[in-house]
Number of protein chains: 2
Amino acid sequence: MRRDVFQAIADPTRRAIIALLALQAMTPNALAEHFDTTRQAVSKHLRILTECELVKQEHQGREIYYQLEIEKMKEIDKWLEQYRKIWETRFSQLDDVLATIKKQKDEK
Amino acid sequence: MRRDVFQAIADPTRRAIIALLALQAMTPNALAEHFDTTRQAVSKHLRILTECELVKQEHQGREIYYQLEIEKMKEIDKWLEQYRKIWETRFSQLDDVLATIKKQKDEK
DNA sequence: TATAATTGCAACCAATCGGTTTCATAAACT
DNA sequence: AGTTTATGAAACCGATTGGTTGCAATTATA
C-alpha cells in the first residue's frame with residue numbers, strides 16, 4: 001500500500017478534511033458532519049491521510065482526535081521549490097524587460 | 001472529464017514528465033525514452049497534463065513539442081499558501097520560545 | 001509516389017479508488 | 001449488567017486509472 005502525499009491530496013474530500021483539521025483537531029464523527037458521505041467513507045480517507053503521515057491520531061477515551069501534521073505539508077512545498085525558482089526567474093526577467101522599456105521611454 | 005492539477009501531479013510518472021519538461025520542451029517520443037513504458041502511455045499522461053493546462057503543445061512539422069506551463073504550478077502554490085502561514089507562525093512561536101530560553105540563560 | 005516516422009485515439013484489461021452496508025470492538029452511560 | 005456511542009475493518013460494487021496492443025492520420029524522406 002504505497003501512500004504518498006501527492007496521491008493523498010489528489011482527492012477533493014481529503015483536501016477538505018485537511019482544511020478542516022488545519023483549524024482544529026476533530027473526531028471522525030465531527031468531520032463526517034461536514035460531508036455528504038458516510039462516517040465510514042471519511043474514516044477511510046483518514047486512514048489514507050494517516051498512512052502518509054499527513055494527520056496523526058490522539059486518543060481521548062473512546063474518541064479519536066485527528067490532527068494535521070503540518071510538517072508533512074512542507075514536503076509538497078519542497079517539491080514546488082524547484083518550480084518556484086523557475087517562475088521567479090521568469091518574473092524577474094519580465095521585470096528587466098519592463099525596466100528597459102521604461103528606460104527607453106525616459107530617454108526619449 | 002474533470003481534470004485538476006492535484007489529480008495530475010498525483011502520478012509519479014507525470015511528476016517526472018513535469019520535471020523533464022521544466023528543463024526543456026520535448027516531444028512524446030523523446031519523453032518516452034526516459035520511461036519504462038510505451039510511447040502511448042506517455043501520450044496519455046500528456047493528454048491529462050494538457051487537459052488541466054499544465055503543459056501546452058507547440059506543433060513543429062510532424063513533431064509536437066510539449067512545454068511546461070509553469071504558471072499553472074502556481075495554483076498548487078496558492079493552495080499551499082494557507083498552510084505555509086500556519087507552519088511559519090509555529091516556527092516564529094518556536095523562535096519566541098528559543099529567545100526566551102536564551103534570555104533566561106543570559107540573566108543567570 | 002511509395003515508405004518511414006511521429007503522433008493521437010479506440011478498445012481492451014487488471015488493479016485501484018471512493019463509496020456503501022454490515023459487523024466487531026472498546027468506552028461511556030443508565 | 002445492559003445499552004448507547006465512537007470507531008475501524010471487511011466485503012462488496014461500479015467507476016476510474018494506468019497500462020497495453022492495434023490502427024488511422026499526417027508529415028517527411030527515398
# chains A, B, ... in the order shown; residues from 1 in each chain; ligands from 1
>>> calpha_fit_and_write(fixed="chain A", moving="chain B", output="JSON list (two decimals) with N, CA and C atoms, in the first residue's frame")
[["chain", "number", "residue", "atom", "x", "y", "z"],
["B", 1, "MET", "N", 0.93, -1.24, 0.21],
["B", 1, "MET", "CA", 0.08, -0.03, 0.13],
["B", 1, "MET", "C", 0.96, 1.22, 0.19],
["B", 2, "ARG", "N", 1.53, 1.54, -0.96],
["B", 2, "ARG", "CA", 2.38, 2.74, -1.02],
["B", 2, "ARG", "C", 1.51, 3.99, -0.96],
["B", 3, "ARG", "N", 1.77, 4.82, 0.00],
["B", 3, "ARG", "CA", 1.02, 6.07, 0.11],
["B", 3, "ARG", "C", 1.99, 7.22, 0.05],
["B", 4, "ASP", "N", 1.70, 8.17, -0.80],
["B", 4, "ASP", "CA", 2.51, 9.38, -0.75],
["B", 4, "ASP", "C", 1.59, 10.58, -0.70],
["B", 5, "VAL", "N", 2.18, 11.70, -0.30],
["B", 5, "VAL", "CA", 1.42, 12.92, -0.07],
["B", 5, "VAL", "C", 0.66, 13.35, -1.32],
["B", 6, "PHE", "N", 1.28, 13.19, -2.48],
["B", 6, "PHE", "CA", 0.65, 13.66, -3.72],
["B", 6, "PHE", "C", -0.62, 12.89, -4.04],
["B", 7, "GLN", "N", -0.58, 11.61, -3.75],
["B", 7, "GLN", "CA", -1.77, 10.81, -3.98],
["B", 7, "GLN", "C", -2.84, 11.19, -2.95],
["B", 8, "ALA", "N", -2.39, 11.49, -1.75],
["B", 8, "ALA", "CA", -3.31, 11.83, -0.67],
["B", 8, "ALA", "C", -4.09, 13.11, -0.96],
["B", 9, "ILE", "N", -3.41, 14.11, -1.50],
["B", 9, "ILE", "CA", -4.09, 15.40, -1.73],
["B", 9, "ILE", "C", -4.81, 15.43, -3.08],
["B", 10, "ALA", "N", -4.76, 14.34, -3.81],
["B", 10, "ALA", "CA", -5.43, 14.29, -5.12],
["B", 10, "ALA", "C", -6.94, 14.33, -4.97],
["B", 11, "ASP", "N", -7.44, 13.78, -3.88],
["B", 11, "ASP", "CA", -8.89, 13.72, -3.69],
["B", 11, "ASP", "C", -9.42, 14.99, -3.02],
["B", 12, "PRO", "N", -10.47, 15.59, -3.61],
["B", 12, "PRO", "CA", -11.02, 16.84, -3.08],
["B", 12, "PRO", "C", -11.57, 16.72, -1.65],
["B", 13, "THR", "N", -12.18, 15.59, -1.35],
["B", 13, "THR", "CA", -12.69, 15.39, 0.02],
["B", 13, "THR", "C", -11.54, 15.40, 1.01],
["B", 14, "ARG", "N", -10.45, 14.76, 0.63],
["B", 14, "ARG", "CA", -9.29, 14.73, 1.55],
["B", 14, "ARG", "C", -8.70, 16.13, 1.71],
["B", 15, "ARG", "N", -8.68, 16.90, 0.63],
["B", 15, "ARG", "CA", -8.18, 18.27, 0.78],
["B", 15, "ARG", "C", -9.08, 19.08, 1.71],
["B", 16, "ALA", "N", -10.38, 18.80, 1.64],
["B", 16, "ALA", "CA", -11.33, 19.49, 2.53],
["B", 16, "ALA", "C", -11.09, 19.07, 3.97],
["B", 17, "ILE", "N", -10.82, 17.79, 4.17],
["B", 17, "ILE", "CA", -10.53, 17.30, 5.53],
["B", 17, "ILE", "C", -9.28, 18.00, 6.07],
["B", 18, "ILE", "N", -8.27, 18.10, 5.22],
["B", 18, "ILE", "CA", -7.03, 18.78, 5.63],
["B", 18, "ILE", "C", -7.33, 20.22, 6.03],
["B", 19, "ALA", "N", -8.17, 20.88, 5.22],
["B", 19, "ALA", "CA", -8.51, 22.28, 5.51],
["B", 19, "ALA", "C", -9.21, 22.41, 6.86],
["B", 20, "LEU", "N", -10.11, 21.47, 7.14],
["B", 20, "LEU", "CA", -10.83, 21.51, 8.41],
["B", 20, "LEU", "C", -9.90, 21.25, 9.58],
["B", 21, "LEU", "N", -9.01, 20.26, 9.40],
["B", 21, "LEU", "CA", -8.09, 19.91, 10.49],
["B", 21, "LEU", "C", -7.03, 20.99, 10.72],
["B", 22, "ALA", "N", -6.86, 21.86, 9.71],
["B", 22, "ALA", "CA", -5.90, 22.95, 9.88],
["B", 22, "ALA", "C", -6.43, 23.95, 10.91],
["B", 23, "LEU", "N", -7.75, 24.01, 11.01],
["B", 23, "LEU", "CA", -8.37, 24.94, 11.95],
["B", 23, "LEU", "C", -8.37, 24.38, 13.37],
["B", 24, "GLN", "N", -8.69, 23.08, 13.47],
["B", 24, "GLN", "CA", -8.69, 22.44, 14.78],
["B", 24, "GLN", "C", -8.75, 20.93, 14.63],
["B", 25, "ALA", "N", -8.23, 20.23, 15.61],
["B", 25, "ALA", "CA", -8.30, 18.78, 15.62],
["B", 25, "ALA", "C", -9.76, 18.36, 15.75],
["B", 26, "MET", "N", -10.14, 17.30, 15.07],
["B", 26, "MET", "CA", -11.53, 16.86, 15.08],
["B", 26, "MET", "C", -11.65, 15.35, 15.10],
["B", 27, "THR", "N", -12.80, 14.87, 15.55],
["B", 27, "THR", "CA", -13.10, 13.44, 15.53],
["B", 27, "THR", "C", -13.68, 13.08, 14.17],
["B", 28, "PRO", "N", -13.64, 11.80, 13.79],
["B", 28, "PRO", "CA", -14.22, 11.37, 12.52],
["B", 28, "PRO", "C", -15.69, 11.75, 12.42],
["B", 29, "ASN", "N", -16.43, 11.57, 13.51],
["B", 29, "ASN", "CA", -17.85, 11.92, 13.52],
["B", 29, "ASN", "C", -18.07, 13.39, 13.21],
["B", 30, "ALA", "N", -17.33, 14.22, 13.89],
["B", 30, "ALA", "CA", -17.45, 15.67, 13.68],
["B", 30, "ALA", "C", -17.10, 16.04, 12.24],
["B", 31, "LEU", "N", -16.06, 15.40, 11.72],
["B", 31, "LEU", "CA", -15.65, 15.66, 10.34],
["B", 31, "LEU", "C", -16.74, 15.26, 9.36],
["B", 32, "ALA", "N", -17.30, 14.06, 9.60],
["B", 32, "ALA", "CA", -18.29, 13.50, 8.67],
["B", 32, "ALA", "C", -19.50, 14.41, 8.51],
["B", 33, "GLU", "N", -19.80, 15.17, 9.56],
["B", 33, "GLU", "CA", -20.95, 16.08, 9.49],
["B", 33, "GLU", "C", -20.79, 17.12, 8.39],
["B", 34, "HIS", "N", -19.53, 17.39, 8.03],
["B", 34, "HIS", "CA", -19.27, 18.40, 6.99],
["B", 34, "HIS", "C", -19.38, 17.84, 5.58],
["B", 35, "PHE", "N", -19.58, 16.53, 5.47],
["B", 35, "PHE", "CA", -19.60, 15.95, 4.13],
["B", 35, "PHE", "C", -20.88, 15.18, 3.85],
["B", 36, "ASP", "N", -21.05, 14.94, 2.58],
["B", 36, "ASP", "CA", -22.27, 14.28, 2.12],
["B", 36, "ASP", "C", -22.05, 12.78, 1.99],
["B", 37, "THR", "N", -21.15, 12.26, 2.80],
["B", 37, "THR", "CA", -20.87, 10.82, 2.72],
["B", 37, "THR", "C", -21.05, 10.20, 4.10],
["B", 38, "THR", "N", -20.87, 8.91, 4.16],
["B", 38, "THR", "CA", -20.98, 8.22, 5.44],
["B", 38, "THR", "C", -19.74, 8.47, 6.29],
["B", 39, "ARG", "N", -19.88, 8.21, 7.56],
["B", 39, "ARG", "CA", -18.76, 8.35, 8.47],
["B", 39, "ARG", "C", -17.64, 7.39, 8.08],
["B", 40, "GLN", "N", -18.03, 6.20, 7.60],
["B", 40, "GLN", "CA", -17.02, 5.22, 7.22],
["B", 40, "GLN", "C", -16.15, 5.68, 6.06],
["B", 41, "ALA", "N", -16.78, 6.40, 5.13],
["B", 41, "ALA", "CA", -16.01, 6.91, 3.99],
["B", 41, "ALA", "C", -14.96, 7.91, 4.48],
["B", 42, "VAL", "N", -15.39, 8.77, 5.40],
["B", 42, "VAL", "CA", -14.46, 9.74, 5.99],
["B", 42, "VAL", "C", -13.33, 8.99, 6.71],
["B", 43, "SER", "N", -13.71, 7.93, 7.39],
["B", 43, "SER", "CA", -12.75, 7.12, 8.12],
["B", 43, "SER", "C", -11.68, 6.55, 7.19],
["B", 44, "LYS", "N", -12.12, 6.14, 6.01],
["B", 44, "LYS", "CA", -11.18, 5.60, 5.04],
["B", 44, "LYS", "C", -10.22, 6.68, 4.55],
["B", 45, "HIS", "N", -10.75, 7.88, 4.37],
["B", 45, "HIS", "CA", -9.89, 8.99, 3.97],
["B", 45, "HIS", "C", -8.86, 9.27, 5.07],
["B", 46, "LEU", "N", -9.34, 9.21, 6.32],
["B", 46, "LEU", "CA", -8.43, 9.48, 7.44],
["B", 46, "LEU", "C", -7.33, 8.42, 7.53],
["B", 47, "ARG", "N", -7.69, 7.20, 7.14],
["B", 47, "ARG", "CA", -6.70, 6.13, 7.15],
["B", 47, "ARG", "C", -5.58, 6.43, 6.15],
["B", 48, "ILE", "N", -6.00, 6.87, 4.97],
["B", 48, "ILE", "CA", -5.02, 7.22, 3.93],
["B", 48, "ILE", "C", -4.15, 8.39, 4.38],
["B", 49, "LEU", "N", -4.79, 9.40, 4.97],
["B", 49, "LEU", "CA", -4.04, 10.56, 5.45],
["B", 49, "LEU", "C", -3.09, 10.18, 6.57],
["B", 50, "THR", "N", -3.51, 9.21, 7.38],
["B", 50, "THR", "CA", -2.65, 8.74, 8.48],
["B", 50, "THR", "C", -1.47, 7.96, 7.94],
["B", 51, "GLU", "N", -1.75, 7.10, 6.96],
["B", 51, "GLU", "CA", -0.70, 6.27, 6.36],
["B", 51, "GLU", "C", 0.44, 7.09, 5.76],
["B", 52, "CYS", "N", 0.10, 8.24, 5.19],
["B", 52, "CYS", "CA", 1.18, 9.05, 4.61],
["B", 52, "CYS", "C", 1.58, 10.16, 5.57],
["B", 53, "GLU", "N", 1.14, 10.02, 6.82],
["B", 53, "GLU", "CA", 1.57, 10.90, 7.91],
["B", 53, "GLU", "C", 1.19, 12.37, 7.75],
["B", 54, "LEU", "N", 0.06, 12.58, 7.08],
["B", 54, "LEU", "CA", -0.42, 13.96, 6.96],
["B", 54, "LEU", "C", -1.26, 14.34, 8.17],
["B", 55, "VAL", "N", -1.79, 13.32, 8.84],
["B", 55, "VAL", "CA", -2.53, 13.55, 10.09],
["B", 55, "VAL", "C", -2.06, 12.53, 11.13],
["B", 56, "LYS", "N", -2.30, 12.86, 12.39],
["B", 56, "LYS", "CA", -2.01, 11.88, 13.43],
["B", 56, "LYS", "C", -3.16, 11.80, 14.41],
["B", 57, "GLN", "N", -3.28, 10.66, 15.06],
["B", 57, "GLN", "CA", -4.38, 10.45, 15.99],
["B", 57, "GLN", "C", -3.99, 10.85, 17.39],
["B", 58, "GLU", "N", -5.01, 11.30, 18.13],
["B", 58, "GLU", "CA", -4.82, 11.56, 19.55],
["B", 58, "GLU", "C", -6.02, 10.97, 20.26],
["B", 59, "HIS", "N", -5.80, 9.83, 20.87],
["B", 59, "HIS", "CA", -6.90, 9.13, 21.54],
["B", 59, "HIS", "C", -7.29, 9.87, 22.81],
["B", 60, "GLN", "N", -8.60, 9.96, 23.01],
["B", 60, "GLN", "CA", -9.13, 10.64, 24.18],
["B", 60, "GLN", "C", -10.42, 9.94, 24.56],
["B", 61, "GLY", "N", -10.31, 8.98, 25.45],
["B", 61, "GLY", "CA", -11.46, 8.15, 25.79],
["B", 61, "GLY", "C", -11.85, 7.33, 24.59],
["B", 62, "ARG", "N", -13.11, 7.32, 24.26],
["B", 62, "ARG", "CA", -13.52, 6.55, 23.08],
["B", 62, "ARG", "C", -13.46, 7.38, 21.81],
["B", 63, "GLU", "N", -13.12, 8.61, 21.98],
["B", 63, "GLU", "CA", -13.00, 9.48, 20.80],
["B", 63, "GLU", "C", -11.56, 9.54, 20.31],
["B", 64, "ILE", "N", -11.41, 9.78, 19.02],
["B", 64, "ILE", "CA", -10.08, 9.92, 18.46],
["B", 64, "ILE", "C", -10.02, 11.27, 17.75],
["B", 65, "TYR", "N", -9.19, 12.14, 18.24],
["B", 65, "TYR", "CA", -9.02, 13.43, 17.58],
["B", 65, "TYR", "C", -7.92, 13.31, 16.54],
["B", 66, "TYR", "N", -8.25, 13.73, 15.34],
["B", 66, "TYR", "CA", -7.26, 13.73, 14.27],
["B", 66, "TYR", "C", -6.69, 15.13, 14.15],
["B", 67, "GLN", "N", -5.39, 15.20, 14.08],
["B", 67, "GLN", "CA", -4.81, 16.54, 13.91],
["B", 67, "GLN", "C", -3.82, 16.56, 12.77],
["B", 68, "LEU", "N", -3.78, 17.72, 12.12],
["B", 68, "LEU", "CA", -2.94, 17.88, 10.94],
["B", 68, "LEU", "C", -1.46, 17.90, 11.31],
["B", 69, "GLU", "N", -0.69, 17.15, 10.53],
["B", 69, "GLU", "CA", 0.77, 17.16, 10.70],
["B", 69, "GLU", "C", 1.32, 18.15, 9.66],
["B", 70, "ILE", "N", 1.30, 19.40, 10.04],
["B", 70, "ILE", "CA", 1.64, 20.46, 9.09],
["B", 70, "ILE", "C", 3.04, 20.29, 8.49],
["B", 71, "GLU", "N", 3.92, 19.69, 9.25],
["B", 71, "GLU", "CA", 5.29, 19.46, 8.77],
["B", 71, "GLU", "C", 5.31, 18.69, 7.44],
["B", 72, "LYS", "N", 4.39, 17.73, 7.35],
["B", 72, "LYS", "CA", 4.37, 16.89, 6.15],
["B", 72, "LYS", "C", 4.01, 17.68, 4.90],
["B", 73, "MET", "N", 3.28, 18.76, 5.10],
["B", 73, "MET", "CA", 2.89, 19.60, 3.96],
["B", 73, "MET", "C", 4.12, 20.24, 3.32],
["B", 74, "LYS", "N", 5.15, 20.37, 4.10],
["B", 74, "LYS", "CA", 6.39, 20.97, 3.58],
["B", 74, "LYS", "C", 6.97, 20.12, 2.47],
["B", 75, "GLU", "N", 6.63, 18.84, 2.48],
["B", 75, "GLU", "CA", 7.15, 17.95, 1.44],
["B", 75, "GLU", "C", 6.67, 18.41, 0.06],
["B", 76, "ILE", "N", 5.44, 18.87, 0.01],
["B", 76, "ILE", "CA", 4.89, 19.39, -1.25],
["B", 76, "ILE", "C", 5.59, 20.69, -1.60],
["B", 77, "ASP", "N", 5.78, 21.50, -0.57],
["B", 77, "ASP", "CA", 6.46, 22.78, -0.76],
["B", 77, "ASP", "C", 7.87, 22.56, -1.31],
["B", 78, "LYS", "N", 8.51, 21.54, -0.79],
["B", 78, "LYS", "CA", 9.88, 21.23, -1.21],
["B", 78, "LYS", "C", 9.89, 20.84, -2.69],
["B", 79, "TRP", "N", 8.89, 20.04, -3.06],
["B", 79, "TRP", "CA", 8.79, 19.62, -4.46],
["B", 79, "TRP", "C", 8.54, 20.82, -5.37],
["B", 80, "LEU", "N", 7.70, 21.73, -4.88],
["B", 80, "LEU", "CA", 7.37, 22.93, -5.67],
["B", 80, "LEU", "C", 8.56, 23.85, -5.83],
["B", 81, "GLU", "N", 9.46, 23.80, -4.88],
["B", 81, "GLU", "CA", 10.61, 24.69, -4.84],
["B", 81, "GLU", "C", 11.32, 24.84, -6.19],
["B", 82, "GLN", "N", 11.62, 23.70, -6.82],
["B", 82, "GLN", "CA", 12.33, 23.73, -8.10],
["B", 82, "GLN", "C", 11.57, 24.51, -9.17],
["B", 83, "TYR", "N", 10.24, 24.42, -9.13],
["B", 83, "TYR", "CA", 9.44, 25.12, -10.13],
["B", 83, "TYR", "C", 9.26, 26.58, -9.75],
["B", 84, "ARG", "N", 9.22, 26.83, -8.46],
["B", 84, "ARG", "CA", 9.12, 28.22, -8.00],
["B", 84, "ARG", "C", 10.33, 29.01, -8.50],
["B", 85, "LYS", "N", 11.48, 28.36, -8.44],
["B", 85, "LYS", "CA", 12.70, 28.99, -8.95],
["B", 85, "LYS", "C", 12.50, 29.43, -10.39],
["B", 86, "ILE", "N", 11.92, 28.54, -11.18],
["B", 86, "ILE", "CA", 11.72, 28.84, -12.60],
["B", 86, "ILE", "C", 10.80, 30.04, -12.78],
["B", 87, "TRP", "N", 9.64, 30.02, -12.11],
["B", 87, "TRP", "CA", 8.71, 31.13, -12.37],
["B", 87, "TRP", "C", 9.21, 32.44, -11.77],
["B", 88, "GLU", "N", 10.03, 32.35, -10.74],
["B", 88, "GLU", "CA", 10.60, 33.59, -10.19],
["B", 88, "GLU", "C", 11.63, 34.17, -11.15],
["B", 89, "THR", "N", 12.40, 33.30, -11.77],
["B", 89, "THR", "CA", 13.38, 33.73, -12.76],
["B", 89, "THR", "C", 12.68, 34.42, -13.91],
["B", 90, "ARG", "N", 11.61, 33.77, -14.41],
["B", 90, "ARG", "CA", 10.85, 34.35, -15.52],
["B", 90, "ARG", "C", 10.27, 35.70, -15.13],
["B", 91, "PHE", "N", 9.84, 35.79, -13.87],
["B", 91, "PHE", "CA", 9.25, 37.04, -13.40],
["B", 91, "PHE", "C", 10.30, 38.14, -13.36],
["B", 92, "SER", "N", 11.49, 37.79, -12.89],
["B", 92, "SER", "CA", 12.53, 38.81, -12.82],
["B", 92, "SER", "C", 12.99, 39.21, -14.23],
["B", 93, "GLN", "N", 12.92, 38.24, -15.16],
["B", 93, "GLN", "CA", 13.23, 38.57, -16.56],
["B", 93, "GLN", "C", 12.21, 39.56, -17.09],
["B", 94, "LEU", "N", 10.94, 39.36, -16.71],
["B", 94, "LEU", "CA", 9.88, 40.28, -17.11],
["B", 94, "LEU", "C", 10.16, 41.65, -16.52],
["B", 95, "ASP", "N", 10.61, 41.64, -15.27],
["B", 95, "ASP", "CA", 11.00, 42.88, -14.61],
["B", 95, "ASP", "C", 12.04, 43.63, -15.44],
["B", 96, "ASP", "N", 13.03, 42.87, -15.91],
["B", 96, "ASP", "CA", 14.08, 43.46, -16.73],
["B", 96, "ASP", "C", 13.50, 44.12, -17.98],
["B", 97, "VAL", "N", 12.60, 43.38, -18.61],
["B", 97, "VAL", "CA", 11.97, 43.89, -19.82],
["B", 97, "VAL", "C", 11.24, 45.19, -19.53],
["B", 98, "LEU", "N", 10.47, 45.17, -18.44],
["B", 98, "LEU", "CA", 9.71, 46.36, -18.07],
["B", 98, "LEU", "C", 10.64, 47.53, -17.75],
["B", 99, "ALA", "N", 11.72, 47.22, -17.07],
["B", 99, "ALA", "CA", 12.69, 48.26, -16.70],
["B", 99, "ALA", "C", 13.30, 48.88, -17.96],
["B", 100, "THR", "N", 13.61, 48.03, -18.93],
["B", 100, "THR", "CA", 14.18, 48.50, -20.19],
["B", 100, "THR", "C", 13.21, 49.42, -20.92],
["B", 101, "ILE", "N", 11.96, 48.99, -20.97],
["B", 101, "ILE", "CA", 10.94, 49.79, -21.63],
["B", 101, "ILE", "C", 10.83, 51.17, -20.97],
["B", 102, "LYS", "N", 10.81, 51.15, -19.64],
["B", 102, "LYS", "CA", 10.70, 52.40, -18.89],
["B", 102, "LYS", "C", 11.89, 53.32, -19.20],
["B", 103, "LYS", "N", 13.07, 52.70, -19.21],
["B", 103, "LYS", "CA", 14.30, 53.45, -19.47],
["B", 103, "LYS", "C", 14.24, 54.14, -20.84],
["B", 104, "GLN", "N", 13.81, 53.34, -21.83],
["B", 104, "GLN", "CA", 13.72, 53.87, -23.20],
["B", 104, "GLN", "C", 12.75, 55.05, -23.26],
["B", 105, "LYS", "N", 11.66, 54.90, -22.52],
["B", 105, "LYS", "CA", 10.64, 55.95, -22.46],
["B", 105, "LYS", "C", 11.23, 57.23, -21.88],
["B", 106, "ASP", "N", 11.94, 57.04, -20.73],
["B", 106, "ASP", "CA", 12.52, 58.18, -20.02],
["B", 106, "ASP", "C", 13.56, 58.91, -20.89],
["B", 107, "GLU", "N", 14.23, 58.12, -21.73],
["B", 107, "GLU", "CA", 15.30, 58.71, -22.54],
["B", 107, "GLU", "C", 14.79, 59.49, -23.74],
["B", 108, "LYS", "N", 13.50, 59.33, -23.99],
["B", 108, "LYS", "CA", 12.92, 60.04, -25.14],
["B", 108, "LYS", "C", 12.93, 61.54, -24.94]]
>>> interface_residues(of="chain C", to="chain B", cutoff="10 Å", atoms="only C-alpha atoms (C1' of nucleotides)", output="list in words")
DA5, DT6, DT7, DG8 and DC9 of chain C
>>> select_by_dssp(residues="range 24-91 of chain A", states="helix (DSSP H, G or I)", output="JSON, numbers by chain")
{"A": [28, 29, 30, 31, 32, 39, 40, 41, 42, 43, 44, 45, 46, 47, 48, 49, 50, 51, 70, 71, 72, 73, 74, 75, 76, 77, 78, 79, 80, 81, 82, 83, 84, 85, 86, 87, 88, 89, 90, 91]}
>>> write_last_selection(atoms="C-alpha atoms", output="compact mmCIF listing (two decimals), in the first residue's frame")
# COMPACT_ATOMS: atom_id res chain seq x y z
CA PRO A 28 -14.20 11.30 12.53
CA ASN A 29 -17.82 11.84 13.54
CA ALA A 30 -17.44 15.60 13.72
CA LEU A 31 -15.65 15.59 10.38
CA ALA A 32 -18.28 13.45 8.71
CA ARG A 39 -18.75 8.30 8.50
CA GLN A 40 -17.04 5.18 7.22
CA ALA A 41 -16.03 6.87 3.99
CA VAL A 42 -14.46 9.70 5.98
CA SER A 43 -12.75 7.06 8.12
CA LYS A 44 -11.17 5.58 5.00
CA HIS A 45 -9.89 8.97 3.97
CA LEU A 46 -8.44 9.43 7.43
CA ARG A 47 -6.70 6.09 7.13
CA ILE A 48 -5.04 7.20 3.90
CA LEU A 49 -4.07 10.55 5.43
CA THR A 50 -2.66 8.72 8.46
CA GLU A 51 -0.72 6.26 6.31
CA ILE A 70 1.58 20.47 9.13
CA GLU A 71 5.24 19.48 8.80
CA LYS A 72 4.30 16.93 6.18
CA MET A 73 2.83 19.64 4.00
CA LYS A 74 6.32 21.03 3.65
CA GLU A 75 7.10 18.02 1.53
CA ILE A 76 4.85 19.44 -1.16
CA ASP A 77 6.39 22.85 -0.67
CA LYS A 78 9.82 21.34 -1.10
CA TRP A 79 8.75 19.71 -4.37
CA LEU A 80 7.33 23.03 -5.58
CA GLU A 81 10.56 24.80 -4.71
CA GLN A 82 12.33 23.83 -7.94
CA TYR A 83 9.45 25.22 -9.99
CA ARG A 84 9.09 28.32 -7.88
CA LYS A 85 12.68 29.09 -8.80
CA ILE A 86 11.74 28.94 -12.46
CA TRP A 87 8.72 31.21 -12.28
CA GLU A 88 10.56 33.69 -10.10
CA THR A 89 13.37 33.84 -12.64
CA ARG A 90 10.88 34.44 -15.43
CA PHE A 91 9.23 37.12 -13.38
>>> atom_distance(atom1="C1' of DA11 in chain C", atom2="C1' of DA15 in chain D")
17.2 Å
>>> interface_residues(of="chain D", to="chain A", cutoff="8 Å", atoms="only C-alpha atoms (C1' of nucleotides)", output="number ranges by chain")
D: 6-8
>>> select_by_dssp(residues="chain A", states="strand (DSSP E or B)", output="list in words")
Met26, Val55, Lys56, Gln57, Glu58, His59, Gln60, Glu63, Ile64, Tyr65, Tyr66, Gln67 and Leu68 of chain A
>>> write_last_selection(atoms="N, CA and C atoms", output="PDB file, in the first residue's frame")
ATOM      1  N   MET A  26     -10.120  17.207  15.091  1.00  0.00           N
ATOM      2  CA  MET A  26     -11.518  16.764  15.110  1.00  0.00           C
ATOM      3  C   MET A  26     -11.630  15.252  15.116  1.00  0.00           C
ATOM      4  N   VAL A  55      -1.818  13.288   8.824  1.00  0.00           N
ATOM      5  CA  VAL A  55      -2.539  13.526  10.082  1.00  0.00           C
ATOM      6  C   VAL A  55      -2.067  12.504  11.108  1.00  0.00           C
ATOM      7  N   LYS A  56      -2.300  12.803  12.377  1.00  0.00           N
ATOM      8  CA  LYS A  56      -1.992  11.814  13.408  1.00  0.00           C
ATOM      9  C   LYS A  56      -3.161  11.732  14.393  1.00  0.00           C
ATOM     10  N   GLN A  57      -3.278  10.584  15.036  1.00  0.00           N
ATOM     11  CA  GLN A  57      -4.375  10.366  15.969  1.00  0.00           C
ATOM     12  C   GLN A  57      -3.976  10.761  17.386  1.00  0.00           C
ATOM     13  N   GLU A  58      -5.003  11.189  18.120  1.00  0.00           N
ATOM     14  CA  GLU A  58      -4.791  11.448  19.534  1.00  0.00           C
ATOM     15  C   GLU A  58      -5.988  10.856  20.265  1.00  0.00           C
ATOM     16  N   HIS A  59      -5.764   9.702  20.862  1.00  0.00           N
ATOM     17  CA  HIS A  59      -6.858   9.004  21.546  1.00  0.00           C
ATOM     18  C   HIS A  59      -7.248   9.734  22.813  1.00  0.00           C
ATOM     19  N   GLN A  60      -8.553   9.819  23.017  1.00  0.00           N
ATOM     20  CA  GLN A  60      -9.067  10.504  24.195  1.00  0.00           C
ATOM     21  C   GLN A  60     -10.361   9.782  24.577  1.00  0.00           C
ATOM     22  N   GLU A  63     -13.041   8.495  21.991  1.00  0.00           N
ATOM     23  CA  GLU A  63     -12.935   9.370  20.825  1.00  0.00           C
ATOM     24  C   GLU A  63     -11.497   9.426  20.331  1.00  0.00           C
ATOM     25  N   ILE A  64     -11.373   9.659  19.032  1.00  0.00           N
ATOM     26  CA  ILE A  64     -10.040   9.816  18.453  1.00  0.00           C
ATOM     27  C   ILE A  64      -9.987  11.169  17.764  1.00  0.00           C
ATOM     28  N   TYR A  65      -9.158  12.023  18.244  1.00  0.00           N
ATOM     29  CA  TYR A  65      -8.992  13.324  17.603  1.00  0.00           C
ATOM     30  C   TYR A  65      -7.896  13.211  16.557  1.00  0.00           C
ATOM     31  N   TYR A  66      -8.232  13.641  15.353  1.00  0.00           N
ATOM     32  CA  TYR A  66      -7.249  13.652  14.274  1.00  0.00           C
ATOM     33  C   TYR A  66      -6.698  15.056  14.172  1.00  0.00           C
ATOM     34  N   GLN A  67      -5.387  15.137  14.087  1.00  0.00           N
ATOM     35  CA  GLN A  67      -4.834  16.475  13.926  1.00  0.00           C
ATOM     36  C   GLN A  67      -3.838  16.528  12.782  1.00  0.00           C
ATOM     37  N   LEU A  68      -3.804  17.677  12.149  1.00  0.00           N
ATOM     38  CA  LEU A  68      -2.971  17.852  10.958  1.00  0.00           C
ATOM     39  C   LEU A  68      -1.492  17.875  11.323  1.00  0.00           C
TER      40      LEU A  68
END
